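Asks: This is the structure, below, for whatever I ask next.
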Amino acid sequence: MKAIQFTKFGGPEVLQKVEVEKPVPKGREVLIEIHAAAVNYADTARREGQYVVKTTLPFIPGAEVAGIVVEVGEYVTSVKPGTRVVTLIESGGYAEYAIADERSLIPIPEQLDFNQAAALPLQGLSAYHILKTMGRLQEGESVLVHAAAGGVGTLAVQLAKLFGAGKVIATASTEEKLQLAHEMGADVLINYTNENWEEQVLEATGGKGVDVALEMAGGDVFIKTLKCLATFGRLVIYGVASGEQSRFYPSSLMARNQSVIGFFLPQIMRKPELLKTSLQELFQYLAEGKLKLTIGDVFPLEEAAHVHALLQSRKTVGKLILEPKS
């Protein structure tokens with residue numbers, strides 16, 4: 001089968017089209033014919049050797065796929081060949097076929113196509129669990145969403161509102177991106193390329209600070225976000241896009257009972273019931289029109305290197321999709 005693989009770490013150019021053996025499902029595994037594979041920053045971190053956990057070479061990236069079940073293992077009971085499904089996998093999504101555990105599969109609602117289905121799980125689940133599971137968002141609380149025009153950001157803004165947030169403050173780097181955040185439901189828009197943006201956050205909350213903050217940049221953004229946190233506030237870290245680690249004194253959290261919390265989606269993926277319940281809720285929001293997806297563009301699988309370069313240019317808006325069957 002056709003796949004995109006890298007055998008060394010580096011820039012987008014290390015992604016190479018290869019022919020590999022089609023995997024065979026065993027036990028409770030199924031084989032999925034992939035129709036859409038979403039591209040994420042986790043894929044670029046894998047490619048660069050900067051992922052949270054070790055990446056063993058050679059490696060086929062791609063964790064978020066939608067397609068059709070074509071074969072099942074001998075112990076599979078919950079799904080049959082021909083079923084349209086979406087799932088998250090550890091690796092192997094940039095290919096024509098991939099293996100998944102039957103317990104991780106979610107049937108795709110009739111009203112959604114493969115691209116829409118693939119665009120939701122990773123970033124939708126991240127936004128959902130950052131806000132609800134880790135951030136413990138309560139009705140009426142305020143939320144700060146950085147990179148609010150990105151994949152996680154656009155969904156986090158919407159979900160914060162659906163979960164009852166009182167005020168959602170969105171930051172982004174351009175007026176176009178801020179407008180998109182506004183369309184998603186953000187109440188306050190702040191351009192984080194301006195100096196002292198953290199003072200604007202404090203001003204928007206009457207000096208109190210935000211109850212929940214989503215942070216994925218690291219470096220100076222992390223330090224400034226801490227300054228925006230309210231008493232009993234929770235700052236959830238889900239990435240280090242800048243590549244810059246931050247130094248801070250944990251004891252500084254004590255005076256105002258603040259929390260800094262880490263989030264790593266694969267830990268949620270290891271709890272199938274938690275994963276399926278939240279993903280089903282997200283698809284329900286989508287089917288009811290309460291949640292909007294922003295799909296930036298769709299590319300053939302062979303253009304994976306180009307798509308990685310586009311994503312890392314930070315000039316894209318919305319989800320980027322690869323189609324192995326194009």
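Following the order of the structure tokens, chains are lettered A, B, ..., residues in each are numbered from 1, and ligands are numbered from 1.
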I need the helix (DSSP H, G or I) residues of segment 151-209 of chain A per DSSP on the backbone, written as a ChimeraX atom specification.
Replies: /A:151-162,175-184,197-204
Asks: Hey, can you spit out that residue selection with N, CA, C and O atoms as a short mmCIF file (atom, residue, chain, number, x, y, z; two decimals), in the first residue's frame?
Replies:
```cif
data_model
loop_
_atom_site.label_atom_id
_atom_site.label_comp_id
_atom_site.auth_asym_id
_atom_site.auth_seq_id
_atom_site.Cartn_x
_atom_site.Cartn_y
_atom_site.Cartn_z
N GLY A 151 -6.93 25.10 15.06
CA GLY A 151 -7.83 23.96 15.16
C GLY A 151 -8.40 23.77 16.55
O GLY A 151 -9.62 23.66 16.72
N VAL A 152 -7.55 23.72 17.57
CA VAL A 152 -8.03 23.60 18.95
C VAL A 152 -8.74 24.89 19.37
O VAL A 152 -9.79 24.86 20.00
N GLY A 153 -8.18 26.01 18.96
CA GLY A 153 -8.72 27.30 19.39
C GLY A 153 -10.14 27.55 18.96
O GLY A 153 -10.99 27.95 19.78
N THR A 154 -10.46 27.32 17.68
CA THR A 154 -11.82 27.58 17.20
C THR A 154 -12.83 26.68 17.91
O THR A 154 -13.95 27.10 18.22
N LEU A 155 -12.43 25.43 18.19
CA LEU A 155 -13.33 24.52 18.89
C LEU A 155 -13.42 24.85 20.37
O LEU A 155 -14.50 24.76 20.97
N ALA A 156 -12.31 25.28 20.96
CA ALA A 156 -12.32 25.64 22.39
C ALA A 156 -13.22 26.84 22.65
O ALA A 156 -13.94 26.89 23.66
N VAL A 157 -13.18 27.82 21.76
CA VAL A 157 -14.06 28.99 21.91
C VAL A 157 -15.52 28.55 21.91
O VAL A 157 -16.31 28.95 22.78
N GLN A 158 -15.88 27.70 20.95
CA GLN A 158 -17.27 27.25 20.86
C GLN A 158 -17.68 26.38 22.03
O GLN A 158 -18.76 26.53 22.60
N LEU A 159 -16.80 25.44 22.42
CA LEU A 159 -17.13 24.54 23.52
C LEU A 159 -17.21 25.27 24.85
O LEU A 159 -18.05 24.95 25.69
N ALA A 160 -16.34 26.26 25.04
CA ALA A 160 -16.42 27.05 26.27
C ALA A 160 -17.80 27.67 26.42
O ALA A 160 -18.39 27.67 27.50
N LYS A 161 -18.32 28.18 25.31
CA LYS A 161 -19.67 28.77 25.33
C LYS A 161 -20.73 27.69 25.60
O LYS A 161 -21.65 27.90 26.39
N LEU A 162 -20.58 26.53 24.94
CA LEU A 162 -21.55 25.45 25.15
C LEU A 162 -21.51 24.94 26.58
O LEU A 162 -22.53 24.50 27.12
N GLU A 175 -5.93 40.42 12.31
CA GLU A 175 -7.33 40.83 12.39
C GLU A 175 -8.24 39.78 11.76
O GLU A 175 -9.36 39.53 12.22
N GLU A 176 -7.76 39.14 10.67
CA GLU A 176 -8.54 38.09 10.02
C GLU A 176 -8.81 36.93 10.98
O GLU A 176 -9.93 36.42 11.08
N LYS A 177 -7.77 36.53 11.71
CA LYS A 177 -7.92 35.42 12.65
C LYS A 177 -8.79 35.81 13.84
O LYS A 177 -9.59 35.01 14.34
N LEU A 178 -8.69 37.04 14.29
CA LEU A 178 -9.54 37.51 15.38
C LEU A 178 -11.00 37.55 14.95
O LEU A 178 -11.90 37.25 15.75
N GLN A 179 -11.24 37.91 13.70
CA GLN A 179 -12.61 37.93 13.19
C GLN A 179 -13.19 36.53 13.18
O GLN A 179 -14.37 36.33 13.52
N LEU A 180 -12.38 35.54 12.82
CA LEU A 180 -12.84 34.15 12.85
C LEU A 180 -13.18 33.74 14.28
O LEU A 180 -14.21 33.10 14.52
N ALA A 181 -12.35 34.12 15.25
CA ALA A 181 -12.63 33.80 16.65
C ALA A 181 -13.94 34.45 17.10
O ALA A 181 -14.72 33.85 17.85
N HIS A 182 -14.18 35.67 16.62
CA HIS A 182 -15.43 36.36 16.94
C HIS A 182 -16.62 35.59 16.37
O HIS A 182 -17.65 35.44 17.04
N GLU A 183 -16.49 35.10 15.14
CA GLU A 183 -17.56 34.33 14.52
C GLU A 183 -17.82 33.03 15.27
O GLU A 183 -18.95 32.52 15.27
N MET A 184 -16.80 32.51 15.93
CA MET A 184 -16.96 31.28 16.72
C MET A 184 -17.62 31.55 18.07
O MET A 184 -18.01 30.61 18.76
N TRP A 197 -0.12 42.51 25.99
CA TRP A 197 -1.47 41.99 25.75
C TRP A 197 -2.08 41.44 27.04
O TRP A 197 -3.30 41.43 27.21
N GLU A 198 -1.22 41.01 27.96
CA GLU A 198 -1.74 40.46 29.22
C GLU A 198 -2.49 41.52 30.02
O GLU A 198 -3.44 41.21 30.76
N GLU A 199 -2.11 42.79 29.86
CA GLU A 199 -2.82 43.87 30.55
C GLU A 199 -4.23 44.04 29.98
O GLU A 199 -5.17 44.38 30.72
N GLN A 200 -4.39 43.77 28.69
CA GLN A 200 -5.72 43.83 28.08
C GLN A 200 -6.60 42.70 28.61
O GLN A 200 -7.81 42.89 28.79
N VAL A 201 -6.00 41.53 28.86
CA VAL A 201 -6.76 40.42 29.44
C VAL A 201 -7.25 40.79 30.83
O VAL A 201 -8.42 40.58 31.18
N LEU A 202 -6.36 41.36 31.63
CA LEU A 202 -6.74 41.76 32.98
C LEU A 202 -7.81 42.84 32.96
O LEU A 202 -8.77 42.81 33.75
N GLU A 203 -7.68 43.76 32.02
CA GLU A 203 -8.68 44.83 31.89
C GLU A 203 -10.04 44.25 31.52
O GLU A 203 -11.08 44.69 32.04
N ALA A 204 -10.04 43.23 30.64
CA ALA A 204 -11.31 42.62 30.21
C ALA A 204 -12.00 41.86 31.33
O ALA A 204 -13.21 41.61 31.26
#
```
Asks: Nearest residue to Gly233 of chain A out of A:Ala305, A:Leu291, A:Val86, A:Ile261, using only C-alpha atoms?
Replies: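 Of A:Ala305, A:Leu291, A:Val86, A:Ile261, the one nearest Gly233 of chain A is A:Ile261, counting only C-alpha atoms.
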Asks: May I ask for the distance between atom CA of Val143 of chain A and atom CA of Gln280 of chain A, given in Å to one decimal place?
Replies: 23.8 Å
